[in-house]
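J.: Dropping in my_file16.csv, which is CSV, C-alpha atoms:
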```csv
chain,number,residue,atom,x,y,z
A,282,MET,CA,10.3,48.5,11.6
A,283,THR,CA,6.9,47.6,12.8
A,284,ALA,CA,5.1,47.9,16.1
A,285,THR,CA,6.3,45.4,18.7
A,286,THR,CA,4.8,43.4,21.5
A,287,ASP,CA,5.7,43.9,25.1
A,288,HIS,CA,8.5,41.3,24.6
A,289,GLY,CA,10.0,43.1,21.6
A,290,VAL,CA,8.6,40.5,19.2
A,291,PRO,CA,7.5,42.0,15.8
A,292,ALA,CA,3.8,42.2,15.7
A,293,ALA,CA,1.5,42.3,12.6
A,294,PRO,CA,1.1,45.8,11.0
A,295,VAL,CA,-1.4,47.8,13.0
A,296,LEU,CA,-4.2,50.0,11.8
A,297,THR,CA,-6.3,51.6,14.5
A,298,PRO,CA,-8.0,54.9,14.9
A,299,THR,CA,-4.9,56.3,16.7
A,300,PHE,CA,-2.0,54.6,15.0
A,301,ARG,CA,-1.1,53.9,11.3
A,302,GLU,CA,1.8,52.6,9.3
A,303,ILE,CA,2.7,54.1,5.9
A,304,ALA,CA,5.4,52.3,3.8
A,305,LEU,CA,7.0,53.7,0.7
A,306,PRO,CA,7.5,51.3,-2.2
A,307,ASP,CA,11.2,50.7,-3.1
A,308,THR,CA,10.8,52.6,-6.4
A,309,VAL,CA,9.3,55.6,-4.7
A,310,ARG,CA,12.0,55.5,-2.0
A,311,ASP,CA,14.8,55.4,-4.6
A,312,ALA,CA,13.4,58.2,-6.7
A,313,LEU,CA,12.9,60.4,-3.7
A,314,GLY,CA,16.4,59.6,-2.4
A,315,GLY,CA,18.0,60.5,-5.7
A,316,GLN,CA,16.4,63.9,-5.7
A,317,LEU,CA,17.2,64.6,-2.0
A,318,ALA,CA,20.8,63.6,-2.4
A,319,GLN,CA,21.4,66.5,-4.8
A,320,LEU,CA,20.1,69.2,-2.5
A,321,PRO,CA,22.4,71.5,-0.5
A,322,ASP,CA,22.1,72.0,3.3
A,323,PRO,CA,18.5,73.2,3.6
A,324,ASN,CA,19.4,75.5,6.4
A,325,THR,CA,21.3,77.8,4.0
A,326,ASP,CA,18.1,79.1,2.6
A,327,ILE,CA,15.3,77.5,4.5
A,328,ASP,CA,12.3,79.0,2.7
A,329,ARG,CA,13.7,78.1,-0.8
A,330,SER,CA,14.5,74.6,0.5
A,331,MET,CA,10.9,74.2,1.8
A,332,THR,CA,9.6,75.2,-1.6
A,333,ARG,CA,11.8,72.7,-3.4
A,334,LEU,CA,10.9,69.9,-0.9
A,335,LEU,CA,7.3,70.6,-1.5
A,336,GLN,CA,7.8,70.1,-5.2
A,337,ILE,CA,9.6,66.8,-4.6
A,338,PHE,CA,7.2,65.4,-2.1
A,339,ALA,CA,4.2,66.3,-4.2
A,340,ASP,CA,5.3,63.6,-6.6
A,341,LEU,CA,4.6,60.9,-4.0
A,342,PRO,CA,1.8,58.5,-5.1
A,343,THR,CA,-1.5,60.1,-4.5
A,344,GLU,CA,-2.7,57.5,-1.9
A,345,LEU,CA,0.5,57.9,0.2
A,346,LEU,CA,0.4,61.7,-0.1
A,347,GLN,CA,-3.2,61.9,0.9
A,348,GLN,CA,-2.6,59.8,4.0
A,349,ILE,CA,0.2,62.2,5.2
A,350,LEU,CA,-1.9,65.3,4.3
A,351,ASP,CA,-4.9,63.9,6.0
A,352,PHE,CA,-2.9,63.1,9.1
A,353,GLY,CA,-2.4,66.9,9.5
A,354,ARG,CA,-5.8,68.0,8.4
A,355,HIS,CA,-8.5,66.1,10.2
A,356,ILE,CA,-9.6,65.5,13.8
A,357,ASP,CA,-10.5,61.9,13.3
A,358,THR,CA,-7.2,60.7,11.9
A,359,PRO,CA,-4.5,58.8,13.9
A,360,GLY,CA,-2.5,60.7,16.4
A,361,VAL,CA,0.7,59.0,15.3
A,362,SER,CA,1.9,57.5,12.0
A,363,LEU,CA,5.0,55.5,11.3
A,364,VAL,CA,6.4,56.2,7.8
A,365,SER,CA,8.8,53.5,6.7
A,366,ASN,CA,11.2,52.7,3.8
A,367,LEU,CA,12.4,56.3,3.5
A,368,PRO,CA,15.7,57.2,1.8
A,369,VAL,CA,18.8,57.6,4.0
A,370,ASP,CA,22.2,59.2,3.6
A,371,ALA,CA,24.6,56.8,1.9
A,372,ASP,CA,27.5,57.9,4.2
A,373,LEU,CA,26.6,58.9,7.8
A,374,PRO,CA,29.3,60.4,10.0
A,375,ASP,CA,29.7,59.8,13.7
A,376,THR,CA,26.9,60.7,16.0
A,377,PRO,CA,27.7,64.1,17.5
A,378,SER,CA,28.6,64.0,21.1
A,379,ASP,CA,27.3,67.4,22.2
A,380,GLY,CA,23.7,67.1,21.1
A,381,GLY,CA,24.2,69.6,18.3
A,382,PRO,CA,24.3,69.2,14.5
A,383,SER,CA,27.1,67.4,12.8
A,384,THR,CA,29.7,69.4,10.9
A,385,ASP,CA,30.7,66.3,8.9
A,386,LYS,CA,27.6,65.5,7.0
A,387,LYS,CA,28.3,65.5,3.2
A,388,THR,CA,24.7,64.9,2.1
A,389,PHE,CA,21.4,66.1,3.5
A,390,VAL,CA,19.0,63.3,2.6
A,391,ALA,CA,17.9,62.9,6.3
A,392,GLU,CA,17.2,66.6,6.6
A,393,GLY,CA,15.3,66.6,3.3
A,394,VAL,CA,13.1,63.7,4.6
A,395,LEU,CA,12.5,65.4,7.9
A,396,LEU,CA,11.6,68.8,6.4
A,397,GLY,CA,9.8,67.4,3.4
A,398,LEU,CA,7.4,65.5,5.7
A,399,SER,CA,7.1,68.5,8.0
A,400,GLY,CA,6.1,70.7,5.1
A,401,LEU,CA,3.2,68.5,4.3
A,402,LEU,CA,1.9,69.0,7.8
A,403,GLY,CA,2.5,72.7,8.3
A,404,GLU,CA,5.4,75.1,8.9
A,405,PRO,CA,8.6,74.2,10.7
A,406,MET,CA,9.4,76.6,13.6
A,407,GLY,CA,12.4,77.2,15.8
A,408,VAL,CA,12.5,78.3,19.5
A,409,LEU,CA,15.5,80.1,20.9
A,410,THR,CA,15.4,78.1,24.1
A,411,GLU,CA,15.3,74.7,22.3
A,412,LYS,CA,18.4,73.7,20.4
A,413,ALA,CA,19.3,77.4,20.0
A,414,GLY,CA,16.5,78.1,17.6
A,415,GLN,CA,17.6,75.5,15.0
A,416,LEU,CA,14.8,74.1,12.8
A,417,VAL,CA,16.4,70.7,12.6
A,418,HIS,CA,16.9,69.3,16.1
A,419,ASP,CA,19.5,66.6,16.6
A,420,VAL,CA,18.1,64.3,19.4
A,421,ILE,CA,21.2,62.6,20.8
A,422,PRO,CA,22.2,61.2,24.2
A,423,VAL,CA,24.6,63.6,26.0
A,424,ALA,CA,26.7,62.3,28.9
A,425,GLY,CA,25.9,65.3,31.1
A,426,GLY,CA,22.2,64.9,30.6
A,427,SER,CA,21.8,61.2,30.8
A,428,MET,CA,19.6,61.2,33.9
A,429,THR,CA,17.4,64.2,32.8
A,430,GLN,CA,13.8,64.4,31.6
A,431,THR,CA,15.1,65.9,28.3
A,432,ASN,CA,16.1,64.7,24.9
A,433,GLN,CA,19.7,64.4,26.1
A,434,GLY,CA,18.7,61.6,28.5
A,435,SER,CA,19.1,57.8,28.1
A,436,GLU,CA,19.3,56.2,31.5
A,437,VAL,CA,15.8,57.2,32.8
A,438,PHE,CA,12.4,56.6,31.3
A,439,LEU,CA,11.3,59.9,29.6
A,440,ASN,CA,7.8,60.2,31.0
A,441,PHE,CA,4.8,60.7,28.8
A,442,HIS,CA,4.7,64.4,27.9
A,443,SER,CA,4.0,67.0,25.3
A,444,ASP,CA,6.6,69.3,23.8
A,445,ILE,CA,5.5,72.6,25.3
A,446,MET,CA,6.8,76.2,25.3
A,447,HIS,CA,7.4,78.6,28.2
A,448,ASP,CA,5.3,81.6,27.5
A,449,VAL,CA,4.9,84.9,29.4
A,450,ILE,CA,1.1,84.6,29.0
A,451,GLY,CA,1.2,81.9,31.6
A,452,ARG,CA,0.0,79.1,29.3
A,453,TYR,CA,2.6,76.6,28.0
A,454,ASP,CA,0.1,74.8,25.7
A,455,VAL,CA,-0.7,77.6,23.3
A,456,ALA,CA,2.5,78.3,21.4
A,457,ASN,CA,3.6,74.7,21.5
A,458,PRO,CA,4.0,72.7,18.2
A,459,ASP,CA,1.0,71.1,16.6
A,460,PHE,CA,3.2,68.3,15.3
A,461,LEU,CA,6.6,66.7,15.8
A,462,VAL,CA,8.4,64.8,13.2
A,463,LEU,CA,11.0,62.3,14.5
A,464,SER,CA,13.3,60.7,11.9
A,465,CYS,CA,15.9,58.0,12.7
A,466,LEU,CA,19.4,58.3,11.3
A,467,ARG,CA,21.0,55.7,13.6
A,468,SER,CA,19.5,53.2,16.2
A,469,ASP,CA,20.9,52.7,19.6
A,470,HIS,CA,23.5,49.9,19.9
A,471,GLU,CA,21.1,47.2,21.1
A,472,GLY,CA,18.2,48.4,19.1
A,473,ILE,CA,15.9,48.5,22.2
A,474,ALA,CA,15.1,52.2,22.6
A,475,GLY,CA,11.3,52.5,22.4
A,476,THR,CA,9.3,55.5,21.4
A,477,PHE,CA,5.8,55.5,22.8
A,478,TYR,CA,2.6,57.4,21.9
A,479,ALA,CA,-0.6,57.5,24.0
A,480,ASP,CA,-3.6,59.1,22.3
A,481,ALA,CA,-5.9,61.3,24.4
A,482,ARG,CA,-8.9,59.4,22.9
A,483,ASP,CA,-7.5,56.1,24.2
A,484,ILE,CA,-6.5,57.6,27.5
A,485,SER,CA,-9.9,59.1,28.1
A,486,ALA,CA,-11.7,55.9,27.3
A,487,ALA,CA,-9.4,54.0,29.8
A,488,LEU,CA,-9.6,56.4,32.7
A,489,PRO,CA,-12.2,56.0,35.5
A,490,PRO,CA,-14.9,58.8,35.0
A,491,GLU,CA,-14.0,60.6,38.3
A,492,THR,CA,-10.3,60.6,37.4
A,493,LEU,CA,-11.1,62.0,34.0
A,494,GLU,CA,-13.2,64.7,35.5
A,495,THR,CA,-10.3,65.7,37.8
A,496,LEU,CA,-7.9,65.8,34.9
A,497,ARG,CA,-10.3,68.1,33.0
A,498,SER,CA,-10.2,70.5,35.9
A,499,PRO,CA,-7.6,73.4,36.2
A,500,LEU,CA,-5.8,71.8,39.1
A,501,PHE,CA,-2.3,71.5,37.6
A,502,ARG,CA,0.6,73.8,36.9
A,503,LEU,CA,3.1,72.8,34.2
A,504,ASN,CA,6.8,73.3,34.7
A,505,ALA,CA,8.6,75.0,31.8
A,506,PRO,CA,10.7,72.8,29.5
A,507,GLY,CA,14.0,71.5,31.0
A,508,SER,CA,16.1,73.5,28.5
A,509,TYR,CA,14.4,76.7,29.6
A,510,VAL,CA,14.8,75.9,33.3
A,511,ARG,CA,18.4,75.0,32.8
A,512,ASP,CA,19.5,77.8,30.4
A,513,VAL,CA,17.3,80.7,31.4
A,514,ALA,CA,15.9,80.2,34.9
A,515,GLY,CA,19.1,79.0,36.6
A,516,GLY,CA,17.5,75.6,37.5
A,517,GLN,CA,14.5,77.1,39.2
A,518,ASP,CA,11.0,75.8,38.4
A,519,VAL,CA,8.9,78.2,36.3
A,520,LEU,CA,5.3,77.2,36.6
A,521,SER,CA,2.3,77.9,34.3
A,522,GLU,CA,-1.1,79.2,35.5
A,523,PRO,CA,-3.4,76.4,36.7
A,524,VAL,CA,-4.6,74.3,33.7
A,525,PRO,CA,-6.4,71.0,33.0
A,526,MET,CA,-4.4,68.1,31.7
A,527,ILE,CA,-7.1,67.1,29.3
A,528,ASN,CA,-9.6,69.5,27.6
A,529,GLY,CA,-11.8,70.0,24.6
A,530,HIS,CA,-14.5,67.9,22.9
A,531,ALA,CA,-15.1,64.5,24.6
A,532,ASP,CA,-14.7,62.6,21.4
A,533,TYR,CA,-11.7,64.6,20.2
A,534,PRO,CA,-9.8,65.7,23.4
A,535,GLU,CA,-6.5,67.5,23.6
A,536,ILE,CA,-3.8,66.8,26.2
A,537,ALA,CA,-0.7,68.6,27.5
A,538,ILE,CA,1.8,67.3,30.0
A,539,SER,CA,5.1,68.8,30.9
A,540,ALA,CA,8.1,66.5,30.8
A,541,ASN,CA,9.9,68.6,33.3
A,542,GLY,CA,7.2,68.2,36.0
A,543,VAL,CA,3.6,68.9,36.7
A,544,HIS,CA,2.6,70.4,40.1
A,545,PRO,CA,-0.9,69.2,41.2
A,546,LEU,CA,-2.7,71.6,43.4
A,547,THR,CA,-4.6,69.0,45.5
A,548,SER,CA,-4.1,65.5,46.7
A,549,GLY,CA,-6.9,64.3,44.4
A,550,ALA,CA,-5.1,65.9,41.5
A,551,ARG,CA,-1.9,64.1,42.5
A,552,GLU,CA,-3.6,60.8,42.5
A,553,ALA,CA,-5.2,61.6,39.1
A,554,LEU,CA,-1.8,62.5,37.6
A,555,ASP,CA,-0.3,59.2,38.8
A,556,THR,CA,-3.2,57.3,37.3
A,557,LEU,CA,-2.8,59.3,34.1
A,558,GLN,CA,0.8,58.1,33.7
A,559,GLU,CA,-0.2,54.5,34.4
A,560,VAL,CA,-2.9,54.6,31.8
A,561,CYS,CA,-0.6,56.2,29.2
A,562,ARG,CA,1.7,53.1,29.6
A,563,LYS,CA,-1.3,50.7,29.2
A,564,VAL,CA,-2.7,52.3,26.0
A,565,ALA,CA,0.5,53.5,24.3
A,566,HIS,CA,1.7,52.4,20.9
A,567,GLN,CA,5.4,51.5,20.8
A,568,VAL,CA,7.9,51.5,18.0
A,569,GLN,CA,11.6,51.0,18.0
A,570,LEU,CA,12.8,53.4,15.3
A,571,ARG,CA,15.3,52.2,12.6
A,572,PRO,CA,17.1,54.2,9.9
A,573,GLY,CA,14.7,55.0,7.1
A,574,GLN,CA,11.7,55.5,9.5
A,575,ALA,CA,10.0,58.6,10.7
A,576,LEU,CA,7.2,59.2,13.2
A,577,LEU,CA,4.6,61.8,12.6
A,578,ILE,CA,3.3,62.8,16.0
A,579,ASN,CA,0.3,65.0,16.7
A,580,ASN,CA,1.4,67.0,19.8
A,581,ARG,CA,-2.1,67.9,20.8
A,582,LYS,CA,-4.0,64.7,20.3
A,583,GLY,CA,-1.6,62.7,22.5
A,584,VAL,CA,1.6,62.5,24.5
A,585,HIS,CA,4.9,60.6,23.8
A,586,ALA,CA,7.6,59.0,25.9
A,587,ARG,CA,11.0,57.2,25.5
A,588,SER,CA,12.4,54.1,27.1
A,589,THR,CA,15.8,53.8,28.7
A,590,PHE,CA,18.8,52.6,26.6
A,591,THR,CA,22.5,52.4,27.0
A,592,ALA,CA,24.6,55.2,25.5
A,593,ARG,CA,28.3,54.6,24.9
A,594,TYR,CA,29.3,58.0,23.5
A,595,ASP,CA,31.5,56.3,20.9
A,596,GLY,CA,30.2,58.0,17.7
A,597,ARG,CA,27.6,55.2,17.1
A,598,ASP,CA,24.9,56.2,19.6
A,599,ARG,CA,21.2,56.7,18.7
A,600,TRP,CA,20.7,59.7,16.5
A,601,LEU,CA,17.3,61.1,15.7
A,602,GLN,CA,16.3,64.4,14.0
A,603,ARG,CA,13.2,66.3,15.0
A,604,THR,CA,11.2,69.2,13.8
A,605,TYR,CA,8.6,71.4,15.6
A,606,VAL,CA,5.7,72.1,13.2
A,607,ARG,CA,2.8,74.5,13.4
A,608,ARG,CA,-0.2,74.4,11.1
A,609,SER,CA,0.4,78.1,10.7
A,610,LEU,CA,2.9,80.6,12.2
A,611,TRP,CA,0.3,83.3,12.4
A,612,ASN,CA,-1.0,82.6,15.9
A,613,VAL,CA,2.5,82.7,17.4
A,614,ARG,CA,3.5,85.9,15.6
A,615,TYR,CA,3.8,87.7,19.0
A,616,ARG,CA,6.8,85.5,19.7
A,617,VAL,CA,8.7,86.0,16.4
A,618,THR,CA,12.3,87.2,16.5
A,619,GLU,CA,13.5,90.1,14.3
A,620,GLU,CA,16.3,88.1,12.9
A,621,ASN,CA,14.3,85.2,11.5
A,622,ARG,CA,10.5,84.8,10.8
A,623,ARG,CA,10.6,81.1,11.6
A,624,ILE,CA,12.5,81.5,14.9
A,625,HIS,CA,10.5,82.4,18.1
A,626,TYR,CA,11.3,83.4,21.6
```
Mind turning the file's structure into structure tokens?

T.:
Amino acid sequence: MTATTDHGVPAAPVLTPTFREIALPDTVRDALGGQLAQLPDPNTDIDRSMTRLLQIFADLPTELLQQILDFGRHIDTPGVSLVSNLPVDADLPDTPSDGGPSTDKKTFVAEGVLLGLSGLLGEPMGVLTEKAGQLVHDVIPVAGGSMTQTNQGSEVFLNFHSDIMHDVIGRYDVANPDFLVLSCLRSDHEGIAGTFYADARDISAALPPETLETLRSPLFRLNAPGSYVRDVAGGQDVLSEPVPMINGHADYPEIAISANGVHPLTSGAREALDTLQEVCRKVAHQVQLRPGQALLINNRKGVHARSTFTARYDGRDRWLQRTYVRRSLWNVRYRVTEENRRIHY
């Protein structure tokens, strides 16, 4: 899969400061797949699995390996990278209907790809209020959530957002993942579901100066993630302290937007927020993920979104897997659970 034009026509491979494509040669794909097909369910002993996956992925060609490592290391690298020609499971069961993991998977190549790439960027983490603390998130349309601004949705455009964490400190952009990895197991029926990424560097360059100044001011309150509001807060909004949408160095800005709603504190902030979403659409990179492809997403350098698509709930719906990745788990140690050092409140 390559980037597409606005009309869905395949475009030439793109290399820009904020987007890159990385493709594995067939021989590398096959060698990697052969090793991953022999591995057990990585969730059985996650730390041993991460160690073994690091050994396997360290055998990637040096140039490919460095591109992935540099993605996670440096401030001037792309905010999103599409990795293609990855190995896939030879036999894929039906897409689960409840948004949870499949109990029918016989091999764990997809999980190995997801966690192997994640381990090159940092440490996979779980959050109790997101997919019950699982490290591998199955991102699947669910009938009851089709109209929601969550990963269960399909019938509404999932607005540009960051993956954030509710936190009692009042900031939802501190304990959030540094990276997401999104890997495709199965496309939607029509193959039209688009994943978008808008980099804060491109956004800032495209915004009117006065709008950018407003967005850099603490005039916004983020709502907690939809899963937290639904499962913990009984459907009531849980707002952060006032924060800016964009902050940090002018050449290397950071951005955070809540998918579940942002509450501007002034009319000017409301106008700036509307402009922000419009500009995100204009500057965004778009891909339509296919099996054997994964997106590496910097969750601080930019924001992502998803188009609408038709879910049929017939066992053949779109099926992605996702990880939350921190460069280090040290700075979120105040949230760690007693039961598992990778799972956080």

J.: What does the distance from CA of Arg608 (chain A) to CA of Ala537 (chain A) come to in Å, to one decimal?

T.: 17.4 Å

J.: Which of these, A:Trp611, A:Leu320, A:Leu398, A:Leu439, has the shortest distance to Ser427 (chain A) once you count all atoms listed in the file?

T.: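 Checking each candidate against Ser427 (chain A), we get A:Leu439 as the closest.
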
J.: Do you know which residues are at most 7 Å from Thr589 (chain A) counting all atoms listed in the file, after dropping those on the same chain fewer than 4 positions away, and could you put them as a PyMOL selection string?

T.: chain A and resi 435-438+474

J.: Here is a test: counting all atoms listed in the file, which residue of A:Leu500, A:Ala505, A:Gly451, A:His585 is nearest to Leu546 (chain A)?

T.: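 For Leu546 (chain A), the nearest of the given residues is A:Leu500.
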
J.: CA of Phe352 (chain A) and CA of Phe300 (chain A) are how many Å apart?

T.: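 Answer for the CA of Phe352 (chain A) to CA of Phe300 (chain A) separation: 10.4 Å.
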
J.: Have a look at A:Thr343, A:Thr358, A:Thr384, A:Ser609 and name the one nearest to Ile578 (chain A); count all atoms listed in the file.

T.: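 Selected residue with least distance to Ile578 (chain A): A:Thr358.
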
J.: Residues at most 7 Å from region 551-558 of chain A, counting only C-alpha atoms, excluding those fewer than 3 positions away in the same chain, as a PyMOL selection string?

T.: chain A and resi 441+492+495-496+545+547-548+561-562

J.: Determine the nearest neighbour of Ser443 (chain A) from the options A:Met406, A:Leu363, A:Leu461, A:Leu350, counting all atoms listed in the file.

T.: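 Once distances to Ser443 (chain A) are computed over all atoms listed in the file, the minimum belongs to A:Leu461.
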
J.: Report as a Markdown table the residues of region 408-438 of chain A within 10 Å of region 371-378 of chain A, each with its shortest atom pair and distance in Å (one decimal), using only C-alpha atoms, ordered by chain and increasing residue number.

T.:
```
| residue | atom | partner | partner_atom | distance |
| --- | --- | --- | --- | --- |
| A:Asp419 | CA | A:Pro377 | CA | 8.6 |
| A:Val420 | CA | A:Pro377 | CA | 9.8 |
| A:Ile421 | CA | A:Pro377 | CA | 7.4 |
| A:Pro422 | CA | A:Ser378 | CA | 7.6 |
| A:Val423 | CA | A:Ser378 | CA | 6.3 |
| A:Ala424 | CA | A:Ser378 | CA | 8.2 |
```

J.: So how many Å separate CA of Gly434 (chain A) and CA of Trp600 (chain A), to one decimal?

T.: 12.3 Å

J.: Restricting the calculation to all atoms listed in the file: of A:Ile538, A:Ile527, A:Ile337, A:Leu402, which residue gets closest to Asp351 (chain A)?

T.: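 The shortest atom-to-atom distance to Asp351 (chain A) comes from A:Leu402.
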
J.: Counting all atoms listed in the file, which of A:Gln415, A:Gln517, A:Ser485, A:Gln430 gets nearest to Ala586 (chain A)?

T.: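 Using all atoms listed in the file, Ala586 (chain A) sits closest to A:Gln430.
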
J.: For Gly516 (chain A), find every residue with an atom within 12 Å (counting all atoms listed in the file), except residues of its own chain fewer than 2 positions away, and show them as a PDB file with C-alpha atoms, in the coordinates of the input.

T.:
```pdb
ATOM      1  CA  ASN A 504       6.800  73.300  34.700  1.00  0.00           C
ATOM      2  CA  ALA A 505       8.600  75.000  31.800  1.00  0.00           C
ATOM      3  CA  PRO A 506      10.700  72.800  29.500  1.00  0.00           C
ATOM      4  CA  GLY A 507      14.000  71.500  31.000  1.00  0.00           C
ATOM      5  CA  SER A 508      16.100  73.500  28.500  1.00  0.00           C
ATOM      6  CA  TYR A 509      14.400  76.700  29.600  1.00  0.00           C
ATOM      7  CA  VAL A 510      14.800  75.900  33.300  1.00  0.00           C
ATOM      8  CA  ARG A 511      18.400  75.000  32.800  1.00  0.00           C
ATOM      9  CA  ASP A 512      19.500  77.800  30.400  1.00  0.00           C
ATOM     10  CA  VAL A 513      17.300  80.700  31.400  1.00  0.00           C
ATOM     11  CA  ALA A 514      15.900  80.200  34.900  1.00  0.00           C
ATOM     12  CA  ASP A 518      11.000  75.800  38.400  1.00  0.00           C
ATOM     13  CA  VAL A 519       8.900  78.200  36.300  1.00  0.00           C
ATOM     14  CA  ASN A 541       9.900  68.600  33.300  1.00  0.00           C
TER      15      ASN A 541
END
```

J.: Which neighbours of Gly529 (chain A) fall inside 12 Å, counting all atoms listed in the file, when residues of the same chain fewer than 4 positions from it are skipped, and could you give them as a short mmCIF file (atom, residue, chain, number, x, y, z; two decimals) with C-alpha atoms, keeping the file's coordinate frame?

T.:
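Done, and the output landed in part10.cif:
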```cif
data_model
loop_
_atom_site.label_atom_id
_atom_site.label_comp_id
_atom_site.auth_asym_id
_atom_site.auth_seq_id
_atom_site.Cartn_x
_atom_site.Cartn_y
_atom_site.Cartn_z
CA ILE A 356 -9.60 65.50 13.80
CA ALA A 481 -5.90 61.30 24.40
CA ARG A 482 -8.90 59.40 22.90
CA SER A 485 -9.90 59.10 28.10
CA LEU A 496 -7.90 65.80 34.90
CA ARG A 497 -10.30 68.10 33.00
CA SER A 498 -10.20 70.50 35.90
CA PRO A 525 -6.40 71.00 33.00
CA TYR A 533 -11.70 64.60 20.20
CA PRO A 534 -9.80 65.70 23.40
CA GLU A 535 -6.50 67.50 23.60
CA ILE A 536 -3.80 66.80 26.20
CA ALA A 537 -0.70 68.60 27.50
CA ARG A 581 -2.10 67.90 20.80
CA LYS A 582 -4.00 64.70 20.30
#
```

J.: Could N, CA and C atoms be built for region 537-551 of chain A and written out as a PDB file, in the frame of the given file?

T.:
```pdb
ATOM      1  N   ALA A 537      -2.069  67.946  27.383  1.00  0.00           N
ATOM      2  CA  ALA A 537      -0.700  68.600  27.500  1.00  0.00           C
ATOM      3  C   ALA A 537      -0.153  68.213  28.866  1.00  0.00           C
ATOM      4  N   ILE A 538       1.043  67.633  28.828  1.00  0.00           N
ATOM      5  CA  ILE A 538       1.800  67.300  30.000  1.00  0.00           C
ATOM      6  C   ILE A 538       3.217  67.745  29.874  1.00  0.00           C
ATOM      7  N   SER A 539       3.752  68.355  30.904  1.00  0.00           N
ATOM      8  CA  SER A 539       5.100  68.800  30.900  1.00  0.00           C
ATOM      9  C   SER A 539       6.093  67.676  31.246  1.00  0.00           C
ATOM     10  N   ALA A 540       7.116  67.472  30.437  1.00  0.00           N
ATOM     11  CA  ALA A 540       8.100  66.500  30.800  1.00  0.00           C
ATOM     12  C   ALA A 540       8.911  66.837  31.993  1.00  0.00           C
ATOM     13  N   ASN A 541       9.060  68.129  32.225  1.00  0.00           N
ATOM     14  CA  ASN A 541       9.900  68.600  33.300  1.00  0.00           C
ATOM     15  C   ASN A 541       9.163  68.743  34.631  1.00  0.00           C
ATOM     16  N   GLY A 542       7.964  68.175  34.697  1.00  0.00           N
ATOM     17  CA  GLY A 542       7.200  68.200  36.000  1.00  0.00           C
ATOM     18  C   GLY A 542       5.903  68.863  35.889  1.00  0.00           C
ATOM     19  N   VAL A 543       4.917  68.274  36.542  1.00  0.00           N
ATOM     20  CA  VAL A 543       3.600  68.900  36.700  1.00  0.00           C
ATOM     21  C   VAL A 543       3.325  68.985  38.192  1.00  0.00           C
ATOM     22  N   HIS A 544       2.846  70.136  38.641  1.00  0.00           N
ATOM     23  CA  HIS A 544       2.600  70.400  40.100  1.00  0.00           C
ATOM     24  C   HIS A 544       1.073  70.335  40.296  1.00  0.00           C
ATOM     25  N   PRO A 545       0.561  69.224  40.840  1.00  0.00           N
ATOM     26  CA  PRO A 545      -0.900  69.200  41.200  1.00  0.00           C
ATOM     27  C   PRO A 545      -1.171  70.084  42.337  1.00  0.00           C
ATOM     28  N   LEU A 546      -2.371  70.644  42.350  1.00  0.00           N
ATOM     29  CA  LEU A 546      -2.700  71.600  43.400  1.00  0.00           C
ATOM     30  C   LEU A 546      -3.513  70.977  44.537  1.00  0.00           C
ATOM     31  N   THR A 547      -3.933  69.722  44.391  1.00  0.00           N
ATOM     32  CA  THR A 547      -4.600  69.000  45.500  1.00  0.00           C
ATOM     33  C   THR A 547      -4.157  67.573  45.511  1.00  0.00           C
ATOM     34  N   SER A 548      -4.475  66.892  46.614  1.00  0.00           N
ATOM     35  CA  SER A 548      -4.100  65.500  46.700  1.00  0.00           C
ATOM     36  C   SER A 548      -4.858  64.647  45.679  1.00  0.00           C
ATOM     37  N   GLY A 549      -6.099  65.020  45.404  1.00  0.00           N
ATOM     38  CA  GLY A 549      -6.900  64.300  44.400  1.00  0.00           C
ATOM     39  C   GLY A 549      -6.246  64.495  43.005  1.00  0.00           C
ATOM     40  N   ALA A 550      -5.729  65.682  42.728  1.00  0.00           N
ATOM     41  CA  ALA A 550      -5.100  65.900  41.500  1.00  0.00           C
ATOM     42  C   ALA A 550      -3.782  65.117  41.345  1.00  0.00           C
ATOM     43  N   ARG A 551      -3.070  64.963  42.456  1.00  0.00           N
ATOM     44  CA  ARG A 551      -1.900  64.100  42.500  1.00  0.00           C
ATOM     45  C   ARG A 551      -2.190  62.694  42.130  1.00  0.00           C
TER      46      ARG A 551
END
```
